[in-house]
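Undergrad: Here you go, start-v3.cif (mmCIF, N, CA, C and O atoms):
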data_entry
#
loop_
_atom_site.label_atom_id
_atom_site.label_comp_id
_atom_site.auth_asym_id
_atom_site.auth_seq_id
_atom_site.Cartn_x
_atom_site.Cartn_y
_atom_site.Cartn_z
N MET A 1 88.62 89.20 94.58
CA MET A 1 89.89 89.89 94.56
C MET A 1 90.99 88.88 94.22
O MET A 1 91.13 87.87 94.87
N GLY A 2 91.76 89.15 93.17
CA GLY A 2 92.82 88.25 92.77
C GLY A 2 94.08 88.49 93.58
O GLY A 2 94.27 89.53 94.18
N MET A 3 94.92 87.48 93.60
CA MET A 3 96.20 87.62 94.29
C MET A 3 97.18 88.28 93.34
O MET A 3 97.23 87.94 92.17
N GLY A 4 97.93 89.20 93.82
CA GLY A 4 98.91 89.87 92.99
C GLY A 4 100.30 89.60 93.49
O GLY A 4 100.50 89.00 94.53
N ILE A 5 101.24 90.03 92.71
CA ILE A 5 102.64 89.90 93.09
C ILE A 5 103.29 91.25 92.86
O ILE A 5 103.01 91.91 91.86
N ILE A 6 104.08 91.66 93.77
CA ILE A 6 104.80 92.91 93.65
C ILE A 6 106.28 92.56 93.64
O ILE A 6 106.79 92.01 94.60
N LYS A 7 106.95 92.84 92.55
CA LYS A 7 108.38 92.54 92.45
C LYS A 7 109.16 93.79 92.84
O LYS A 7 108.93 94.86 92.30
N ILE A 8 110.04 93.62 93.77
CA ILE A 8 110.91 94.71 94.18
C ILE A 8 112.32 94.30 93.82
O ILE A 8 112.87 93.40 94.43
N THR A 9 112.88 94.91 92.80
CA THR A 9 114.19 94.50 92.34
C THR A 9 115.26 94.92 93.32
O THR A 9 115.16 95.96 93.96
N GLY A 10 116.28 94.09 93.43
CA GLY A 10 117.40 94.38 94.30
C GLY A 10 117.01 94.26 95.76
O GLY A 10 116.62 95.22 96.38
N ALA A 11 117.11 93.07 96.31
CA ALA A 11 116.67 92.81 97.68
C ALA A 11 117.36 93.73 98.69
O ALA A 11 116.81 94.01 99.73
N LYS A 12 118.53 94.21 98.36
CA LYS A 12 119.25 95.05 99.32
C LYS A 12 118.81 96.51 99.24
O LYS A 12 119.16 97.30 100.07
N GLN A 13 118.02 96.84 98.20
CA GLN A 13 117.53 98.20 98.05
C GLN A 13 116.16 98.29 98.69
O GLN A 13 115.16 97.95 98.09
N LYS A 14 116.10 98.76 99.92
CA LYS A 14 114.83 98.87 100.63
C LYS A 14 114.52 100.33 100.84
O LYS A 14 115.39 101.13 101.14
N LYS A 15 113.26 100.66 100.65
CA LYS A 15 112.83 102.03 100.87
C LYS A 15 112.80 102.32 102.35
O LYS A 15 112.52 101.47 103.16
N LYS A 16 113.06 103.56 102.67
CA LYS A 16 112.93 103.99 104.06
C LYS A 16 111.82 105.01 104.13
O LYS A 16 111.74 105.91 103.31
N GLY A 17 110.97 104.82 105.10
CA GLY A 17 109.87 105.76 105.32
C GLY A 17 110.37 107.02 105.99
O GLY A 17 111.55 107.17 106.29
N SER A 18 109.45 107.93 106.26
CA SER A 18 109.83 109.20 106.87
C SER A 18 110.42 109.00 108.27
O SER A 18 111.19 109.82 108.74
N SER A 19 110.05 107.88 108.91
CA SER A 19 110.60 107.61 110.24
C SER A 19 112.01 107.03 110.17
O SER A 19 112.66 106.84 111.18
N GLY A 20 112.45 106.69 108.95
CA GLY A 20 113.77 106.09 108.78
C GLY A 20 113.75 104.58 108.87
O GLY A 20 114.75 103.94 108.64
N ALA A 21 112.60 103.99 109.20
CA ALA A 21 112.50 102.53 109.32
C ALA A 21 112.31 101.91 107.94
O ALA A 21 111.71 102.51 107.05
N THR A 22 112.84 100.70 107.75
CA THR A 22 112.67 99.98 106.50
C THR A 22 111.21 99.61 106.31
O THR A 22 110.56 99.17 107.25
N ASP A 23 110.68 99.82 105.11
CA ASP A 23 109.29 99.49 104.82
C ASP A 23 109.05 98.00 104.96
O ASP A 23 109.83 97.19 104.48
N SER A 24 107.97 97.66 105.60
CA SER A 24 107.53 96.28 105.71
C SER A 24 106.47 96.03 104.67
O SER A 24 105.85 96.98 104.18
N PRO A 25 106.22 94.76 104.32
CA PRO A 25 105.13 94.48 103.39
C PRO A 25 103.81 95.01 103.97
O PRO A 25 103.62 95.03 105.19
N LYS A 26 102.92 95.44 103.07
CA LYS A 26 101.65 95.95 103.57
C LYS A 26 100.85 94.83 104.21
O LYS A 26 101.13 93.64 104.00
N LYS A 27 99.87 95.20 105.00
CA LYS A 27 99.06 94.24 105.75
C LYS A 27 98.49 93.17 104.82
O LYS A 27 98.00 93.48 103.73
N GLY A 28 98.59 91.92 105.24
CA GLY A 28 98.07 90.81 104.46
C GLY A 28 99.04 90.28 103.42
O GLY A 28 98.68 89.45 102.59
N HIS A 29 100.29 90.73 103.45
CA HIS A 29 101.31 90.32 102.49
C HIS A 29 102.58 89.92 103.23
O HIS A 29 102.76 90.24 104.40
N PHE A 30 103.46 89.20 102.53
CA PHE A 30 104.76 88.86 103.10
C PHE A 30 105.80 88.86 101.99
O PHE A 30 105.47 88.79 100.81
N ALA A 31 107.04 88.98 102.40
CA ALA A 31 108.15 89.06 101.43
C ALA A 31 108.86 87.72 101.33
O ALA A 31 109.01 87.01 102.32
N VAL A 32 109.27 87.38 100.12
CA VAL A 32 110.12 86.22 99.87
C VAL A 32 111.26 86.68 98.98
O VAL A 32 111.16 87.70 98.29
N TYR A 33 112.35 85.93 98.99
CA TYR A 33 113.53 86.24 98.19
C TYR A 33 113.77 85.09 97.23
O TYR A 33 113.85 83.94 97.65
N VAL A 34 113.86 85.42 95.94
CA VAL A 34 113.85 84.41 94.89
C VAL A 34 115.07 84.54 93.99
O VAL A 34 115.50 85.64 93.65
N GLY A 35 115.58 83.39 93.57
CA GLY A 35 116.65 83.34 92.59
C GLY A 35 118.03 83.58 93.17
O GLY A 35 118.19 83.84 94.36
N GLU A 36 119.01 83.49 92.29
CA GLU A 36 120.40 83.65 92.72
C GLU A 36 120.69 85.04 93.27
O GLU A 36 121.50 85.21 94.17
N MET A 37 120.01 86.04 92.72
CA MET A 37 120.23 87.42 93.16
C MET A 37 119.33 87.79 94.33
O MET A 37 119.36 88.91 94.81
N ARG A 38 118.51 86.85 94.78
CA ARG A 38 117.63 87.05 95.93
C ARG A 38 116.74 88.29 95.75
O ARG A 38 116.67 89.17 96.59
N LYS A 39 116.05 88.34 94.60
CA LYS A 39 115.12 89.44 94.35
C LYS A 39 113.95 89.33 95.32
O LYS A 39 113.47 88.24 95.60
N ARG A 40 113.51 90.44 95.82
CA ARG A 40 112.44 90.47 96.82
C ARG A 40 111.08 90.58 96.12
O ARG A 40 110.88 91.45 95.28
N TYR A 41 110.17 89.71 96.50
CA TYR A 41 108.80 89.75 96.02
C TYR A 41 107.89 89.85 97.24
O TYR A 41 108.13 89.22 98.26
N VAL A 42 106.85 90.64 97.13
CA VAL A 42 105.85 90.77 98.18
C VAL A 42 104.56 90.17 97.63
O VAL A 42 104.06 90.63 96.59
N ILE A 43 104.06 89.14 98.31
CA ILE A 43 102.88 88.43 97.83
C ILE A 43 101.84 88.31 98.94
O ILE A 43 102.17 88.39 100.12
N PRO A 44 100.57 88.11 98.56
CA PRO A 44 99.51 88.00 99.56
C PRO A 44 99.66 86.75 100.43
O PRO A 44 100.11 85.70 99.96
N LEU A 45 99.28 86.87 101.69
CA LEU A 45 99.30 85.71 102.59
C LEU A 45 98.43 84.58 102.07
O LEU A 45 98.73 83.41 102.31
N SER A 46 97.37 84.91 101.34
CA SER A 46 96.48 83.87 100.82
C SER A 46 97.19 82.91 99.87
O SER A 46 96.73 81.78 99.67
N THR A 47 98.34 83.31 99.34
CA THR A 47 99.13 82.43 98.48
C THR A 47 99.57 81.18 99.24
O THR A 47 99.72 80.11 98.65
N LEU A 48 99.74 81.30 100.54
CA LEU A 48 100.17 80.17 101.36
C LEU A 48 99.18 79.01 101.33
O LEU A 48 99.55 77.87 101.61
N ASN A 49 97.93 79.28 101.00
CA ASN A 49 96.91 78.24 100.98
C ASN A 49 96.96 77.36 99.74
O ASN A 49 96.34 76.30 99.70
N HIS A 50 97.67 77.77 98.71
CA HIS A 50 97.68 77.03 97.45
C HIS A 50 98.66 75.85 97.53
O HIS A 50 99.80 76.00 97.97
N PRO A 51 98.22 74.66 97.10
CA PRO A 51 99.09 73.46 97.17
C PRO A 51 100.41 73.61 96.41
O PRO A 51 101.44 73.10 96.87
N LEU A 52 100.42 74.30 95.27
CA LEU A 52 101.67 74.46 94.52
C LEU A 52 102.67 75.32 95.30
O LEU A 52 103.87 75.05 95.29
N PHE A 53 102.16 76.34 95.97
CA PHE A 53 103.06 77.19 96.75
C PHE A 53 103.57 76.43 97.97
O PHE A 53 104.73 76.57 98.36
N ARG A 54 102.72 75.61 98.56
CA ARG A 54 103.16 74.79 99.70
C ARG A 54 104.27 73.83 99.29
O ARG A 54 105.21 73.58 100.05
N ASP A 55 104.17 73.28 98.07
CA ASP A 55 105.25 72.43 97.56
C ASP A 55 106.56 73.21 97.46
O ASP A 55 107.62 72.70 97.79
N LEU A 56 106.46 74.44 97.01
CA LEU A 56 107.64 75.30 96.89
C LEU A 56 108.23 75.59 98.28
O LEU A 56 109.45 75.61 98.45
N LEU A 57 107.38 75.77 99.27
CA LEU A 57 107.86 75.99 100.64
C LEU A 57 108.58 74.74 101.18
O LEU A 57 109.56 74.87 101.91
N ARG A 58 108.10 73.57 100.81
CA ARG A 58 108.78 72.33 101.24
C ARG A 58 110.18 72.27 100.63
O ARG A 58 111.14 71.85 101.28
N LEU A 59 110.30 72.67 99.37
CA LEU A 59 111.62 72.71 98.72
C LEU A 59 112.53 73.71 99.44
O LEU A 59 113.72 73.45 99.62
N ALA A 60 111.97 74.85 99.82
CA ALA A 60 112.75 75.86 100.54
C ALA A 60 113.24 75.29 101.87
O ALA A 60 114.39 75.50 102.26
N GLU A 61 112.38 74.57 102.55
CA GLU A 61 112.78 73.97 103.83
C GLU A 61 113.89 72.95 103.62
O GLU A 61 114.86 72.91 104.38
N ASP A 62 113.75 72.12 102.57
CA ASP A 62 114.77 71.10 102.29
C ASP A 62 116.12 71.74 101.97
O ASP A 62 117.17 71.26 102.40
N GLU A 63 116.10 72.82 101.20
CA GLU A 63 117.36 73.44 100.75
C GLU A 63 117.97 74.38 101.79
O GLU A 63 119.17 74.37 102.00
N PHE A 64 117.14 75.20 102.42
CA PHE A 64 117.66 76.24 103.30
C PHE A 64 117.32 76.04 104.78
O PHE A 64 117.95 76.63 105.64
N GLY A 65 116.28 75.26 105.05
CA GLY A 65 115.78 75.17 106.41
C GLY A 65 115.06 76.46 106.76
O GLY A 65 115.11 77.44 106.02
N PHE A 66 114.36 76.47 107.87
CA PHE A 66 113.66 77.68 108.27
C PHE A 66 114.36 78.36 109.43
O PHE A 66 113.92 79.37 109.93
N ASN A 67 115.45 77.81 109.86
CA ASN A 67 116.23 78.41 110.94
C ASN A 67 117.53 78.93 110.33
O ASN A 67 118.58 78.36 110.51
N ASN A 68 117.42 80.01 109.58
CA ASN A 68 118.63 80.54 108.93
C ASN A 68 119.00 81.88 109.55
O ASN A 68 118.17 82.64 109.99
N SER A 69 120.27 82.15 109.56
CA SER A 69 120.77 83.36 110.20
C SER A 69 120.74 84.57 109.26
O SER A 69 120.93 85.69 109.70
N GLU A 70 120.49 84.33 107.97
CA GLU A 70 120.50 85.43 107.01
C GLU A 70 119.19 86.20 107.00
O GLU A 70 119.13 87.30 106.48
N GLY A 71 118.14 85.63 107.54
CA GLY A 71 116.85 86.29 107.56
C GLY A 71 116.13 86.18 106.23
O GLY A 71 116.73 85.95 105.20
N GLY A 72 114.84 86.34 106.26
CA GLY A 72 114.03 86.30 105.05
C GLY A 72 113.76 84.89 104.59
O GLY A 72 114.55 83.97 104.82
N LEU A 73 112.62 84.70 103.95
CA LEU A 73 112.24 83.41 103.40
C LEU A 73 112.78 83.30 101.98
O LEU A 73 112.35 84.05 101.10
N LYS A 74 113.74 82.41 101.79
CA LYS A 74 114.35 82.23 100.47
C LYS A 74 113.64 81.10 99.74
O LYS A 74 113.38 80.05 100.31
N ILE A 75 113.32 81.34 98.47
CA ILE A 75 112.65 80.36 97.63
C ILE A 75 113.66 79.85 96.59
O ILE A 75 114.23 80.64 95.85
N PRO A 76 113.87 78.52 96.53
CA PRO A 76 114.91 77.95 95.66
C PRO A 76 114.43 77.69 94.23
O PRO A 76 114.24 76.55 93.82
N CYS A 77 114.20 78.76 93.48
CA CYS A 77 113.84 78.61 92.07
C CYS A 77 114.22 79.89 91.34
O CYS A 77 114.61 80.87 91.96
N SER A 78 114.10 79.85 90.04
CA SER A 78 114.41 81.04 89.25
C SER A 78 113.27 82.05 89.37
O SER A 78 112.14 81.71 89.73
N GLU A 79 113.58 83.28 89.06
CA GLU A 79 112.54 84.32 89.06
C GLU A 79 111.45 83.99 88.06
O GLU A 79 110.26 84.18 88.36
N ASP A 80 111.83 83.51 86.88
CA ASP A 80 110.84 83.17 85.86
C ASP A 80 109.88 82.09 86.34
O ASP A 80 108.67 82.19 86.15
N TYR A 81 110.43 81.06 86.98
CA TYR A 81 109.59 79.98 87.50
C TYR A 81 108.64 80.53 88.56
O TYR A 81 107.44 80.24 88.56
N PHE A 82 109.16 81.33 89.49
CA PHE A 82 108.35 81.88 90.57
C PHE A 82 107.22 82.75 90.02
O PHE A 82 106.07 82.63 90.42
N GLU A 83 107.56 83.63 89.09
CA GLU A 83 106.55 84.51 88.50
C GLU A 83 105.49 83.69 87.77
O GLU A 83 104.30 84.00 87.84
N GLY A 84 105.92 82.64 87.06
CA GLY A 84 104.96 81.76 86.38
C GLY A 84 104.05 81.04 87.35
O GLY A 84 102.84 80.92 87.12
N LEU A 85 104.63 80.56 88.46
CA LEU A 85 103.84 79.87 89.47
C LEU A 85 102.81 80.80 90.09
O LEU A 85 101.63 80.44 90.21
N VAL A 86 103.21 81.99 90.44
CA VAL A 86 102.28 82.95 91.04
C VAL A 86 101.21 83.33 90.02
O VAL A 86 100.03 83.46 90.37
N SER A 87 101.59 83.47 88.77
CA SER A 87 100.62 83.76 87.72
C SER A 87 99.59 82.63 87.60
O SER A 87 98.38 82.88 87.47
N LEU A 88 100.07 81.39 87.65
CA LEU A 88 99.17 80.24 87.59
C LEU A 88 98.23 80.22 88.80
O LEU A 88 97.02 80.00 88.66
N ILE A 89 98.77 80.49 89.98
CA ILE A 89 97.94 80.54 91.19
C ILE A 89 96.89 81.65 91.07
O ILE A 89 95.74 81.45 91.43
N ASN A 90 97.28 82.79 90.52
CA ASN A 90 96.35 83.91 90.35
C ASN A 90 95.24 83.61 89.37
O ASN A 90 94.14 84.15 89.48
N SER A 91 95.50 82.75 88.40
CA SER A 91 94.50 82.46 87.37
C SER A 91 93.41 81.51 87.87
O SER A 91 92.40 81.34 87.21
N ASN A 92 93.62 80.88 89.01
CA ASN A 92 92.61 79.95 89.55
C ASN A 92 91.63 80.63 90.45
O ASN A 92 91.78 81.49 91.14
#
Would you put the structure from the file into C-alpha cells?
TA:
Amino acid sequence: MGMGIIKITGAKQKKKGSSGATDSPKKGHFAVYVGEMRKRYVIPLSTLNHPLFRDLLRLAEDEFGFNNSEGGLKIPCSEDYFEGLVSLINSN
C-alpha cells in the first residue's frame, strides 16, 4: 500500500459532519499546514518514518517550535516543494 496525500485547499474551510463537529483526518493520517496560505494536507502517519520528512519536521521545529498557540503542525516550505517531497517518499 503506497502512501498518499490528500490536499484540502483553504485551511480555514473545514467540512462539518452531521454532528456539526469539524472533520478530523481519517484513522492513520494527520494534518499539516503548508506554505504561506497554510493549505491543509492530510498524510499517512507512516510518512513520519521517512528521513526526508523528519528533516522537514526539524525545520518546522526550528522555525515555528512545537509549542504554538495557533494550533496545527505548520511546515515551512512551498506547496510545490511539499508535494514533490511526498511524491518522492511515495515512490520509494
Undergrad: Quick one: everything within 5 Å of Ile75 in chain A, counting only N, CA, C and O atoms, minus sequence neighbours fewer than 5 positions away in the same chain. Send it as a list in words.
TA: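 In the requested form, the answer reads Tyr33, Val34 and Gly35 of chain A.
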Undergrad: Considering only C-alpha atoms, return as a list in words whatever protein or nucleic-acid residues lie within 10 Å of Glu79 in chain A, sequence-local ones (same chain, fewer than 6 positions apart) excluded.
TA: Lys7, Tyr33, Val34, Gly35, Glu36, Met37, Arg38, Lys39, Arg40, Tyr41 and Leu85 of chain A
Undergrad: For the structure I just gave you, how does DSSP split range 46-79 of chain A - specifically, which residues are alpha helix (DSSP H)? Reply as a PyMOL selection string.
TA: chain A and resi 51-64+79
Undergrad: Need the neighbours of (113.5, 75.9, 99.1): which residues are at most 9 Å away, counting only C-alpha atoms, as a PyMOL selection string?
TA: chain A and resi 56-65+73-77
Undergrad: Kindly indicate which residue among A:Phe53, A:Phe66, A:Val42, A:Val86 lies nearest to Lys26 in chain A, using only C-alpha atoms for the distances.
TA: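 Nearest candidate to Lys26 in chain A out of A:Phe53, A:Phe66, A:Val42, A:Val86: A:Val42.
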